[in-house]
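Here is run.tsv, consisting of TSV, C-alpha atoms:
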chain	number	residue	atom	x	y	z
G	1	MET	CA	0.00	0.00	0.00
G	2	ARG	CA	2.80	2.38	0.98
G	3	ALA	CA	4.64	1.53	-2.23
G	4	MET	CA	1.53	2.33	-4.31
G	5	ILE	CA	1.10	5.67	-2.56
G	6	TYR	CA	4.78	6.47	-3.14
G	7	GLN	CA	4.52	5.59	-6.84
G	8	GLY	CA	1.46	7.80	-7.24
G	9	VAL	CA	3.18	10.71	-5.51
G	10	TYR	CA	6.30	10.16	-7.62
G	11	ARG	CA	4.31	10.23	-10.88
G	12	ARG	CA	2.52	13.43	-9.90
G	13	THR	CA	5.79	15.04	-8.73
G	14	SER	CA	7.57	13.99	-11.93
G	15	SER	CA	4.77	15.44	-14.06
G	16	LEU	CA	4.86	18.69	-12.07
G	17	TRP	CA	8.66	18.82	-12.42
G	18	CYS	CA	8.36	18.59	-16.23
G	19	ARG	CA	5.82	21.42	-16.30
G	20	LEU	CA	7.69	23.72	-13.93
G	21	HIS	CA	11.26	23.37	-15.12
G	22	SER	CA	12.64	25.53	-17.87
G	23	THR	CA	13.67	24.47	-21.36
G	24	TYR	CA	17.30	24.89	-20.32
G	25	VAL	CA	16.98	22.59	-17.32
G	26	ARG	CA	15.12	20.01	-19.43
G	27	LYS	CA	17.89	20.09	-22.04
G	28	MET	CA	20.66	19.73	-19.46
G	29	ARG	CA	18.92	16.79	-17.78
G	30	TYR	CA	18.37	15.13	-21.17
G	31	LEU	CA	22.02	15.56	-22.18
G	32	PHE	CA	23.08	14.15	-18.81
G	33	GLU	CA	20.95	11.05	-19.47
G	34	LEU	CA	22.50	10.62	-22.91
G	35	LYS	CA	25.99	10.74	-21.41
G	36	GLU	CA	25.18	8.27	-18.65
G	37	ASP	CA	22.99	5.73	-20.48
G	38	ASP	CA	24.20	4.14	-23.73
G	39	GLY	CA	20.73	2.75	-24.41
G	40	ILE	CA	19.08	6.17	-24.33
G	41	CYS	CA	21.94	7.63	-26.36
G	42	ARG	CA	21.56	4.94	-29.03
G	43	LYS	CA	17.88	5.87	-29.42
G	44	ALA	CA	18.88	9.53	-29.71
G	45	GLN	CA	21.37	8.67	-32.46
G	46	ASN	CA	18.54	7.07	-34.44
G	47	SER	CA	16.56	10.31	-34.42
G	48	GLY	CA	19.30	12.94	-34.17
G	49	THR	CA	21.26	14.98	-36.68
G	50	PHE	CA	24.97	14.88	-37.51
G	51	TYR	CA	27.75	17.36	-38.21
G	52	LEU	CA	30.40	15.71	-40.36
G	53	PHE	CA	34.18	16.03	-40.21
G	54	HIS	CA	37.05	14.58	-42.20
G	55	ASN	CA	40.30	14.37	-40.25
G	56	LEU	CA	38.96	17.12	-37.95
G	57	SER	CA	37.94	19.44	-40.79
G	58	PRO	CA	34.19	20.20	-40.67
G	59	PHE	CA	31.89	19.73	-43.65
G	60	LEU	CA	30.67	23.17	-44.75
G	61	LYS	CA	28.69	24.81	-47.52
G	62	LYS	CA	29.61	28.30	-48.65
G	63	VAL	CA	26.71	30.70	-49.12
G	64	GLY	CA	27.94	34.10	-50.31
G	65	SER	CA	30.73	35.12	-47.94
G	66	LYS	CA	29.53	32.84	-45.13
G	67	TYR	CA	30.13	29.19	-44.33
G	68	LEU	CA	27.18	27.13	-43.07
G	69	ALA	CA	27.43	23.74	-41.36
G	70	PRO	CA	24.58	21.52	-42.62
G	71	GLN	CA	22.95	19.05	-40.25
G	72	ILE	CA	22.72	15.60	-41.80
G	73	SER	CA	19.74	13.45	-40.78
G	74	VAL	CA	20.25	9.87	-39.63
G	75	ALA	CA	18.38	8.68	-42.74
G	76	GLU	CA	20.81	10.58	-44.97
G	77	MET	CA	23.72	9.19	-42.95
G	78	LYS	CA	22.58	5.59	-43.37
G	79	SER	CA	21.90	6.10	-47.06
G	80	MET	CA	25.34	7.61	-47.63
G	81	LEU	CA	27.13	4.90	-45.65
G	82	GLY	CA	25.25	2.30	-47.67
G	83	LYS	CA	26.43	3.88	-50.94
G	84	PHE	CA	30.01	3.76	-49.69
G	85	LYS	CA	29.56	0.12	-48.56
G	86	GLN	CA	30.12	1.04	-44.92
G	87	ASN	CA	28.43	-0.54	-41.92
G	88	GLU	CA	25.75	1.62	-40.31
G	89	GLN	CA	27.44	0.88	-36.99
G	90	MET	CA	29.97	3.59	-37.91
G	91	ILE	CA	27.34	6.02	-36.61
G	92	GLU	CA	28.22	4.84	-33.09
G	93	ASP	CA	31.68	6.38	-33.55
G	94	SER	CA	30.02	9.80	-33.31
G	95	VAL	CA	30.16	12.05	-30.25
G	96	LEU	CA	27.34	13.99	-28.62
G	97	ILE	CA	27.75	17.78	-28.88
G	98	GLY	CA	24.36	19.18	-27.83
G	99	CYS	CA	20.64	19.20	-28.51
G	100	SER	CA	17.84	21.50	-29.66
G	101	ASP	CA	15.19	23.03	-27.41
G	102	GLU	CA	12.97	20.13	-28.51
G	103	CYS	CA	15.64	17.68	-27.30
G	104	MET	CA	16.79	16.54	-30.73
G	105	ALA	CA	20.36	15.41	-30.17
G	106	TYR	CA	23.29	16.73	-32.20
G	107	PHE	CA	26.25	14.47	-32.94
G	108	ALA	CA	29.59	14.90	-34.69
G	109	LEU	CA	31.16	12.14	-36.76
G	110	ASP	CA	34.60	12.06	-38.35
G	111	LEU	CA	34.68	10.20	-41.69
G	112	GLY	CA	38.45	10.38	-42.09
G	113	SER	CA	38.62	6.74	-43.15
G	114	LEU	CA	36.54	7.47	-46.28
G	115	GLU	CA	37.51	9.24	-49.49
G	116	LYS	CA	37.03	12.95	-48.91
G	117	SER	CA	36.24	13.99	-52.50
G	118	VAL	CA	33.54	11.32	-52.83
G	119	ILE	CA	31.72	12.59	-49.73
G	120	GLU	CA	32.04	16.20	-50.88
G	121	SER	CA	30.57	15.29	-54.27
G	122	GLU	CA	27.71	13.36	-52.65
G	123	LEU	CA	26.76	16.13	-50.21
G	124	LYS	CA	27.69	19.10	-52.45
G	125	GLY	CA	29.98	20.88	-50.03
G	126	SER	CA	33.57	20.73	-48.81
G	127	PHE	CA	35.57	19.78	-45.76
G	128	THR	CA	37.28	23.00	-44.74
G	129	GLU	CA	40.03	23.51	-42.18
G	130	LEU	CA	38.25	25.04	-39.18
G	131	ARG	CA	40.83	27.76	-38.58
G	132	LYS	CA	40.39	28.93	-42.18
G	133	ALA	CA	36.59	29.02	-42.03
G	134	PHE	CA	36.13	30.11	-38.42
G	135	PHE	CA	35.83	33.82	-39.13
G	136	GLN	CA	33.21	33.27	-41.86
G	137	LEU	CA	31.08	30.79	-39.91
G	138	ASP	CA	27.50	31.51	-38.98
G	139	GLY	CA	27.35	32.52	-35.30
G	140	LYS	CA	25.25	29.55	-34.18
G	141	ASP	CA	27.51	27.02	-35.91
G	142	ALA	CA	30.83	28.23	-34.51
G	143	PRO	CA	30.39	27.03	-30.87
G	144	LEU	CA	29.06	23.63	-31.95
G	145	LEU	CA	31.86	23.00	-34.44
G	146	SER	CA	34.40	24.24	-31.92
G	147	SER	CA	33.19	21.77	-29.28
G	148	ALA	CA	32.86	18.98	-31.83
G	149	GLN	CA	36.39	19.32	-33.17
G	150	ALA	CA	37.86	19.48	-29.67
G	151	LEU	CA	36.00	16.33	-28.58
G	152	LEU	CA	36.87	14.40	-31.74
G	153	ARG	CA	40.52	15.38	-31.38
G	154	TRP	CA	40.55	14.30	-27.73
G	155	HIS	CA	39.23	10.84	-28.61
G	156	ASP	CA	41.76	10.51	-31.42
G	157	THR	CA	44.66	11.24	-29.06
G	158	HIS	CA	43.45	9.32	-25.97
G	159	GLN	CA	42.84	5.84	-27.29
G	160	TYR	CA	45.20	4.19	-24.80
G	161	CYS	CA	45.42	4.16	-21.02
G	162	SER	CA	48.38	6.22	-19.74
G	163	LYS	CA	48.92	3.72	-16.89
G	164	THR	CA	48.51	0.30	-18.53
G	165	GLY	CA	49.04	1.12	-22.19
G	166	GLN	CA	45.89	-0.86	-23.00
G	167	PRO	CA	43.16	0.46	-25.34
G	168	THR	CA	40.43	2.61	-23.82
G	169	GLN	CA	36.76	2.40	-24.83
G	170	LYS	CA	34.52	5.45	-25.29
G	171	ASN	CA	30.95	5.47	-24.06
G	172	LEU	CA	28.35	5.98	-26.78
G	173	ALA	CA	28.00	9.72	-26.16
G	174	GLY	CA	31.77	10.20	-26.19
G	175	SER	CA	31.76	11.98	-22.82
G	176	LYS	CA	34.43	9.67	-21.38
G	177	ARG	CA	36.79	6.78	-22.10
G	178	VAL	CA	37.36	3.78	-19.84
G	179	CYS	CA	40.33	1.44	-19.50
G	180	ARG	CA	38.85	-2.04	-19.35
G	181	THR	CA	41.94	-3.39	-17.62
G	182	ASN	CA	41.84	-1.28	-14.47
G	183	GLY	CA	38.60	0.71	-14.79
G	184	ILE	CA	40.27	4.15	-14.93
G	185	ILE	CA	37.88	6.71	-16.41
G	186	TYR	CA	39.26	9.51	-18.58
G	187	TYR	CA	37.28	12.69	-19.22
G	188	PRO	CA	37.94	15.34	-21.90
G	189	GLN	CA	39.93	18.27	-20.57
G	190	MET	CA	40.53	21.90	-21.48
G	191	SER	CA	43.61	24.01	-20.84
G	192	PRO	CA	42.95	27.31	-19.02
G	193	VAL	CA	44.06	30.38	-20.97
G	194	VAL	CA	43.74	34.02	-19.92
G	195	ILE	CA	42.90	36.57	-22.62
G	196	THR	CA	43.38	40.15	-21.49
G	197	LEU	CA	42.48	43.50	-22.99
G	198	VAL	CA	44.93	46.03	-21.57
G	199	SER	CA	44.01	49.72	-21.36
G	200	ASP	CA	45.75	52.88	-20.21
G	201	GLY	CA	42.44	54.64	-19.71
G	202	SER	CA	41.99	56.14	-23.18
G	203	ARG	CA	43.54	53.49	-25.46
G	204	CYS	CA	43.48	49.70	-25.65
G	205	LEU	CA	46.42	47.46	-26.45
G	206	LEU	CA	46.07	44.89	-29.23
G	207	ALA	CA	48.62	42.45	-30.62
G	208	ARG	CA	49.02	39.92	-33.40
G	209	GLN	CA	50.87	36.67	-34.00
G	210	ALA	CA	52.30	35.69	-37.37
G	211	SER	CA	49.62	32.99	-37.71
G	212	PHE	CA	46.76	35.53	-37.53
G	213	PRO	CA	44.87	36.53	-40.69
G	214	LYS	CA	46.40	39.58	-42.38
G	215	GLY	CA	45.65	42.78	-40.50
G	216	MET	CA	44.04	41.05	-37.53
G	217	TYR	CA	44.87	42.20	-34.00
G	218	SER	CA	43.44	40.79	-30.80
G	219	ALA	CA	43.81	40.86	-27.02
G	220	LEU	CA	46.83	39.30	-25.31
G	221	ALA	CA	46.48	35.62	-24.43
G	222	GLY	CA	48.52	32.94	-22.70
G	223	PHE	CA	48.25	29.61	-20.90
G	224	CYS	CA	48.10	29.42	-17.12
G	225	ASP	CA	51.21	27.89	-15.59
G	226	VAL	CA	50.85	25.15	-12.97
G	227	GLY	CA	50.24	26.69	-9.56
G	228	GLU	CA	49.28	30.14	-10.87
G	229	THR	CA	46.13	32.05	-10.05
G	230	LEU	CA	44.32	33.81	-12.89
G	231	GLU	CA	45.53	37.16	-11.57
G	232	GLU	CA	49.14	35.99	-11.57
G	233	THR	CA	48.78	34.68	-15.12
G	234	VAL	CA	47.38	38.00	-16.38
G	235	ARG	CA	50.23	39.98	-14.82
G	236	ARG	CA	52.90	37.57	-16.05
G	237	GLU	CA	51.59	37.38	-19.61
G	238	VAL	CA	51.32	41.16	-19.99
G	239	ALA	CA	54.86	41.57	-18.62
G	240	GLU	CA	56.25	38.77	-20.83
G	241	GLU	CA	54.60	39.78	-24.07
G	242	VAL	CA	54.62	43.59	-24.06
G	243	GLY	CA	56.81	44.59	-21.10
G	244	LEU	CA	54.10	46.36	-19.10
G	245	GLU	CA	53.10	46.07	-15.45
G	246	VAL	CA	49.42	45.60	-14.65
G	247	GLU	CA	48.03	47.94	-12.02
G	248	SER	CA	44.52	46.47	-11.69
G	249	LEU	CA	42.40	43.82	-13.39
G	250	TRP	CA	38.91	42.33	-13.38
G	251	TYR	CA	37.15	39.29	-14.82
G	252	SER	CA	34.73	39.53	-17.74
G	253	ALA	CA	33.59	36.12	-19.06
G	254	SER	CA	34.81	32.79	-20.45
G	255	GLN	CA	34.57	30.83	-23.69
G	256	HIS	CA	35.71	27.52	-25.14
G	257	TRP	CA	38.23	27.96	-27.97
G	258	PRO	CA	39.36	25.12	-30.27
G	259	PHE	CA	42.84	26.46	-31.14
G	260	PRO	CA	45.51	25.22	-30.83
G	261	ASN	CA	43.76	22.36	-29.06
G	262	SER	CA	40.93	22.71	-26.55
G	263	SER	CA	41.22	25.78	-24.34
G	264	LEU	CA	39.03	27.57	-21.81
G	265	MET	CA	39.49	31.25	-22.57
G	266	ILE	CA	39.13	33.32	-19.38
G	267	ALA	CA	38.60	36.93	-20.38
G	268	CYS	CA	39.84	39.83	-18.26
G	269	HIS	CA	40.35	43.57	-18.47
G	270	ALA	CA	43.57	45.09	-17.15
G	271	MET	CA	44.75	48.63	-16.50
G	272	VAL	CA	48.27	50.04	-16.63
G	273	GLN	CA	49.34	53.47	-15.46
G	274	PRO	CA	49.11	56.16	-18.19
G	275	GLN	CA	52.69	57.15	-17.43
G	276	GLN	CA	54.00	53.60	-18.05
G	277	THR	CA	52.79	52.65	-21.53
G	278	LYS	CA	55.95	52.10	-23.56
G	279	ILE	CA	55.58	48.71	-25.26
G	280	SER	CA	58.46	46.26	-25.56
G	281	VAL	CA	57.28	43.47	-27.87
G	282	ASN	CA	58.52	39.95	-27.14
G	283	LYS	CA	59.27	38.75	-30.67
G	284	LEU	CA	59.28	35.12	-29.53
G	285	GLU	CA	55.59	35.52	-28.67
G	286	LEU	CA	54.22	38.25	-30.93
G	287	GLU	CA	54.72	39.71	-34.39
G	288	ALA	CA	53.50	43.16	-33.36
G	289	ALA	CA	51.58	45.08	-30.71
G	290	GLY	CA	50.30	48.62	-30.35
G	291	TRP	CA	47.97	51.07	-28.67
G	292	PHE	CA	44.73	51.89	-30.47
G	293	SER	CA	42.40	54.82	-29.86
G	294	LEU	CA	38.63	54.60	-29.64
G	295	GLU	CA	38.38	56.22	-33.08
G	296	GLU	CA	40.67	53.59	-34.64
G	297	ILE	CA	38.68	50.77	-33.06
G	298	MET	CA	35.34	52.19	-34.21
G	299	GLU	CA	36.72	52.67	-37.73
G	300	ALA	CA	37.83	49.03	-37.82
G	301	PHE	CA	34.38	47.84	-36.75
G	302	GLY	CA	32.83	49.97	-39.46
G	303	ARG	CA	34.82	48.35	-42.27
G	304	GLU	CA	34.13	45.05	-44.02
G	305	PRO	CA	35.36	41.96	-42.14
G	306	LYS	CA	38.25	41.57	-44.58
G	307	PRO	CA	41.13	44.03	-44.06
G	308	LEU	CA	42.08	46.54	-46.75
G	309	LYS	CA	45.57	46.57	-48.24
G	310	GLN	CA	47.27	49.93	-47.81
G	311	GLU	CA	49.57	51.69	-50.30
G	312	ASP	CA	52.63	50.76	-48.23
G	313	GLY	CA	51.73	47.04	-48.42
G	314	SER	CA	50.38	46.82	-44.87
G	315	PHE	CA	46.79	45.95	-44.03
G	316	SER	CA	44.14	47.96	-42.22
G	317	LEU	CA	43.17	46.95	-38.70
G	318	CYS	CA	40.90	43.91	-38.56
G	319	LEU	CA	39.27	42.75	-35.30
G	320	PRO	CA	38.11	39.30	-34.08
G	321	PRO	CA	34.65	38.04	-35.16
G	322	LYS	CA	31.54	38.65	-33.09
G	323	TRP	CA	31.47	35.24	-31.42
G	324	ALA	CA	35.11	35.43	-30.27
G	325	ILE	CA	35.46	36.52	-26.66
G	326	ALA	CA	38.15	39.03	-27.68
G	327	HIS	CA	35.41	40.83	-29.63
G	328	GLN	CA	33.31	40.98	-26.46
G	329	LEU	CA	36.23	42.45	-24.50
G	330	ILE	CA	36.70	45.18	-27.09
G	331	GLN	CA	32.98	45.99	-27.12
G	332	GLU	CA	33.01	46.24	-23.31
G	333	TRP	CA	35.98	48.61	-23.50
G	334	ILE	CA	34.08	50.79	-26.01
G	335	LYS	CA	31.11	51.03	-23.62
G	336	LEU	CA	33.46	51.89	-20.78
G	337	GLN	CA	34.94	54.71	-22.84
G	338	ALA	CA	31.48	56.06	-23.61
G	339	SER	CA	30.59	56.12	-19.90
G	340	THR	CA	33.86	57.71	-18.79
G	341	PRO	CA	33.86	61.54	-18.58
G	342	ALA	CA	36.30	63.19	-21.00
Kindly transcribe the structure held in the file into structure tokens.
Amino acid sequence: MRAMIYQGVYRRTSSLWCRLHSTYVRKMRYLFELKEDDGICRKAQNSGTFYLFHNLSPFLKKVGSKYLAPQISVAEMKSMLGKFKQNEQMIEDSVLIGCSDECMAYFALDLGSLEKSVIESELKGSFTELRKAFFQLDGKDAPLLSSAQALLRWHDTHQYCSKTGQPTQKNLAGSKRVCRTNGIIYYPQMSPVVITLVSDGSRCLLARQASFPKGMYSALAGFCDVGETLEETVRREVAEEVGLEVESLWYSASQHWPFPNSSLMIACHAMVQPQQTKISVNKLELEAAGWFSLEEIMEAFGREPKPLKQEDGSFSLCLPPKWAIAHQLIQEWIKLQASTPA
């Protein structure tokens, strides 16, 4: 009798929970179930959609100046694998990367073992190196592809147990790998990186590496050393890269970033004294760095995304794309300038 009463209360409570909880909570609980239960995840794979990669390069379609990442249905996946004489079980090599508000699961699958040109011809698109396409990606696609590439790369480089040397096995969602010999569980990791926009009160400091697109400048960034606090990392990186001493700093936000591997970008603002602004560029770290006025920053935002080539062969200032956290830091600095009395 008590058990029946409990079951009735549980059903009513569960129904109430579903009605009261937000879409976000429902999504997070659903994703948690997919990660923990291979059976539920397998059902989700049979109704979900897939983002395709080939040796970590995402499949994209170019529309005008933008790249779009098409979602491939499971029916299309099975049809394509059948044409290429591949077992449908290859779908289980995919990794879970998210879901829609309606709880349709998104997966990423790397088809590096298949002929790239054949897939591109079949799906009428191309596998494009993510770093090349990142600045032309649609805003909603960039975070998903970033997470997908990082997770696929992690699985590719963690196929063996670091203690026993034996193969590890991923769960269906790809949220972990397990050594069957000793039961050690490995989870994907990110490296903490601080990214800092330095200001002297009226100007902001931007820098570029040789690997950046032509004309692009961004905020300073560097990995946290073992044992460092975020504050210590900010101060050290600014001193190392541009020879300046930070007077004060504050946290802004964070973002996952796929380059060079999988990093957690921790965004901060930092101030230096107006009397101590002479830059000394560390050429082992940076190609160039400089102070930029509000007018120069606003002019750069007003131009087309691609930089303009100047008469002297240099390129006009180009800033990070909207979904990069460096862009957010710069926008916050602009607002701060507008609210600061002249």
Practice item. Please determine the residues with any atom at most 12 Å from (33.3, 37.8, -25.3) (coordinates as given in the file, with all atoms listed in the file counting) and report them as a count of residues only. Key: 31
**Study point:** Atomic separation - CA of Pro58 (chain G) relative to CA of Leu220 (chain G), Å
**Key:** 27.6 Å
Check your understanding: Which is closer to Ala142 (chain G) than all the others in G:Phe32, G:Tyr67, G:Trp291, G:Tyr106, using only C-alpha atoms?
Key -> G:Tyr67
**Study point:** Distance query Leu319 (chain G) at most 12 Å, all atoms listed in the file, self and fewer than 6 positions along chain excluded, as a count of residues only
**Key:** 32
Exercise for review: Find the residues near Ile72 (chain G): any atom within 8 Å, counting all atoms listed in the file, skip ones fewer than 4 places away on the same chain, and give them as a PyMOL selection string.
Suggested key: chain G and resi 49-52+76-77
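Our summary of the geometry notes that CA of Gln337 (chain G) is positioned 23.4 Å from CA of Glu231 (chain G).
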Check your understanding: Of the candidates G:Leu31, G:Ile97, G:Val193, G:Leu114, which one gets nearest to Leu151 (chain G) if we count only C-alpha atoms?
Key ->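 Residue with the minimum atom-to-atom distance to Leu151 (chain G): G:Ile97.
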